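In what follows, a single structure is set out as structure tokens and then discussed.
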Amino acid sequence: MNFKLRQLEGFVAAAETGAFSKAADRLAMTQPAFSQLIRELEGMVGVRLFERTTRRMELTEAGRILLAQVKRPLDDLQHAYANLRELAGGERGSITYAVLPSAAFVIGTRAIAQLRERHPHVQVRQIEDQNGLLIDKVLQREVEFGLGMFSHADPALRFDFMFMDELVAIVRPDHALAAAAEVAWADLADVPLILLPISAAARRLADAGLAQAGCHRAPAFEVVNMVTALSMVREGLGVTILPRVGLEAMNMEGLVYRRLGEPRPERQMGIIRRVDRPLSAAAATLIRFLYQQAGAVAGPATRPPEL
């Protein structure tokens with residue numbers, strides 16, 4: 001026996017409203033069409049489900065048994081349908097994405113907060129990683145997308161530009177370099193440097209600038225994160241070179257930053273994803289928020305791509 005969903009929905013509506021006319025309105029049907037729907041259901045089960053008089057309508061014993069059996073499954077179906085609609089609309093779901101630490105501090109964190117406020121049922125897992133590992137995670141489908149630096153073209157990947165970031169020199173206000181509007185790479189030849197690990201994209205940019213100026217050398221200190229680098233500068237242990245985009249979330253008390261001269265250490269930042277993997281609605285929503293926050297932090301960002 002194959003019940004039709006519409007028949008069961010009509011039966012439950014009639015049982016809940018106590019009138020065929022009201023049930024027909026709920027299902028957006030005419031009353032004759034609704035009555036035929038119920039007759040077909042009764043014909044299928046071979047028993048009357050309603051006792052109808054001129055004054056009232058009541059469920060028969062068979063009707064009460066059927067209502068007890070089908071009400072919960074229909075409610076579950078309605079709930080599943082609503083969840084799927086929310087999933088399709090980006091209001092529900094889960095996202096895993098990778099991001100460079102410098103972009104995670106402000107842009108990533110604020111975008112997640114914005115998403116949580118608008119769509120509290122969307123779960124986000126943010127993985128902070130170096131650029132090479134971030135790209136590998138996208139390629140291996142470990143994350144849905146990444147927010148990182150364009151390093152090289154790959155036919156399996158799509159890069160959507162978001163904003164330009166640059167490295168800056170950070171010193172104490174009483175340091176000799178603080179008096180300059182712009183720091184030349186050659187000015188760093190004789191100062192102790194505090195740099196991120198060689199695996200960091202920002203470190204490779206810094207090394208390239210130093211090498212081109214003919215003053216490349218090992219740093220005085222190599223640190224894992226930006227917080228440690230800033231703390232060491234504050235204590236007078238040297239000068240650090242860090243991405244500008246992450247500084248808004250850092251404690252810059254007792255510190256100033258200056259732009260670096262040519263070759264300007266700039267990097268293209270954007271969304272990295274596989275060309276053969278469509279984005280979920282929730283991920284597309286998060287990406288739009290990432291673009292908004294990038295515009296607020298790093299200056300006018302480009303418009304989000306068609307997602």
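In the structure tokens, chains take the letters A, B, ... in the order shown, each chain's residues start at 1, and ligands count up from 1 in the order shown.
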*Leu59 of chain A environment, 12 Å, only C-alpha atoms, sequence neighbours closer than 6 positions dropped, as a list in words*: Phe11, Val12, Ala14, Ala15, Glu16, Thr17, Gly18, Ala19, Val47, Arg48, Leu49, Phe50, Glu51, Arg52, Thr53, Ile65, Leu66, Leu67 and Ala68 of chain A
_Which residues are close to Ser102 of chain A, i.e. within 9 Å by only C-alpha atoms, leaving aside same-chain residues fewer than 6 positions away? Reply as a list in words._
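Skipping anything fewer than 6 positions along the chain leaves Glu128, Met226, Leu242, Pro243, Arg244, Val245, Gly246 and Leu247 of chain A.
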What would the file look like if the residues just selected were written as a PDB file, in the first residue's frame with C-alpha atoms?
ATOM      1  CA  GLU A 128      45.294  28.740  10.600  1.00  0.00           C
ATOM      2  CA  MET A 226      53.559  37.765  15.432  1.00  0.00           C
ATOM      3  CA  LEU A 242      55.337  41.657   9.535  1.00  0.00           C
ATOM      4  CA  PRO A 243      52.171  41.779   7.397  1.00  0.00           C
ATOM      5  CA  ARG A 244      50.281  45.031   7.779  1.00  0.00           C
ATOM      6  CA  VAL A 245      46.865  43.334   7.709  1.00  0.00           C
ATOM      7  CA  GLY A 246      47.346  41.555  11.036  1.00  0.00           C
ATOM      8  CA  LEU A 247      48.457  44.553  13.091  1.00  0.00           C
TER       9      LEU A 247
END
*Close residues, Asp136 of chain A itself excluded, 12 Å, only C-alpha atoms, min 4 positions apart in chain, as number ranges by chain*: A: 98, 129-132, 140-146, 148, 154, 156-157, 272-274
*Per DSSP on the backbone, what are the alpha helix (DSSP H) residues of segment 121-296 of chain A, as a count of residues only?*
46
*Enumerate as a PyMOL selection string all residues of segment 128-294 of chain A assigned to strand (DSSP E) by DSSP on the backbone, naming them with the chain letters and numbers the document uses.*
chain A and resi 128+145-149+157-171+182-183+193-195+221-222+239-243+256-260+266-274
_Non-local contacts of Asn2 of chain A (12 Å; only C-alpha atoms; under 4 positions in same chain excluded) as a count of residues only_ = 7
_Using only C-alpha atoms: which of A:Val138, A:Ala153, A:Gly93, A:Ile194 has the shortest distance to Gln123 of chain A_ = A:Gly93
*asked:* Give me, as JSON, numbers by chain, all polymer residues having an atom no more than 8 Å from segment 211-217 of chain A, counting only C-alpha atoms and skipping those fewer than 6 positions away in the same chain.
replied: {"A": [185, 186, 188, 189, 263]}
Write to file, as an mmCIF file, in the first residue's frame, the residues of the selection just made, with N, CA, C and O atoms.
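Contents of the output file part22.cif:
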data_model
loop_
_atom_site.group_PDB
_atom_site.id
_atom_site.type_symbol
_atom_site.label_atom_id
_atom_site.label_comp_id
_atom_site.auth_asym_id
_atom_site.auth_seq_id
_atom_site.Cartn_x
_atom_site.Cartn_y
_atom_site.Cartn_z
ATOM 1 N N TRP A 185 65.437 49.002 2.504
ATOM 2 C CA TRP A 185 65.947 47.690 2.890
ATOM 3 C C TRP A 185 67.398 47.786 3.374
ATOM 4 O O TRP A 185 67.790 47.089 4.317
ATOM 5 N N ALA A 186 68.157 48.646 2.741
ATOM 6 C CA ALA A 186 69.566 48.789 3.139
ATOM 7 C C ALA A 186 69.705 49.295 4.567
ATOM 8 O O ALA A 186 70.711 49.035 5.240
ATOM 9 N N LEU A 188 68.245 48.225 6.997
ATOM 10 C CA LEU A 188 68.112 47.091 7.917
ATOM 11 C C LEU A 188 69.375 46.242 7.978
ATOM 12 O O LEU A 188 69.410 45.222 8.671
ATOM 13 N N ALA A 189 70.411 46.683 7.263
ATOM 14 C CA ALA A 189 71.619 45.866 7.154
ATOM 15 C C ALA A 189 72.309 45.633 8.487
ATOM 16 O O ALA A 189 72.882 44.553 8.719
ATOM 17 N N PRO A 263 62.333 46.958 -3.274
ATOM 18 C CA PRO A 263 61.113 46.420 -3.866
ATOM 19 C C PRO A 263 60.002 46.297 -2.810
ATOM 20 O O PRO A 263 60.219 45.681 -1.756
#
*Shell of 8 Å around Ile107 of chain A, only C-alpha atoms, local chain residues under 4 positions omitted, as a PyMOL selection string*: chain A and resi 103+111+290+293-294+297
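The spacing separating atom CA of Val224 of chain A from atom CA of Pro197 of chain A amounts to 6.1 Å.
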*Any idea what the distance is between atom CA of Ala178 of chain A and atom CA of Gly236 of chain A?*
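The value is 13.0 Å.
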*Compare A:Ala33, A:Ala201, A:Ile170, A:Met269 by their minimum atom-to-atom distance to Met250 of chain A, counting only C-alpha atoms, and give me the closest one.*
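For Met250 of chain A, the nearest of the given residues is A:Ile170.
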*Among the residues A:Ala169, A:Leu260, A:Val227, A:Leu286, the one that comes closest to Phe105 of chain A [using only C-alpha atoms]*: A:Val227
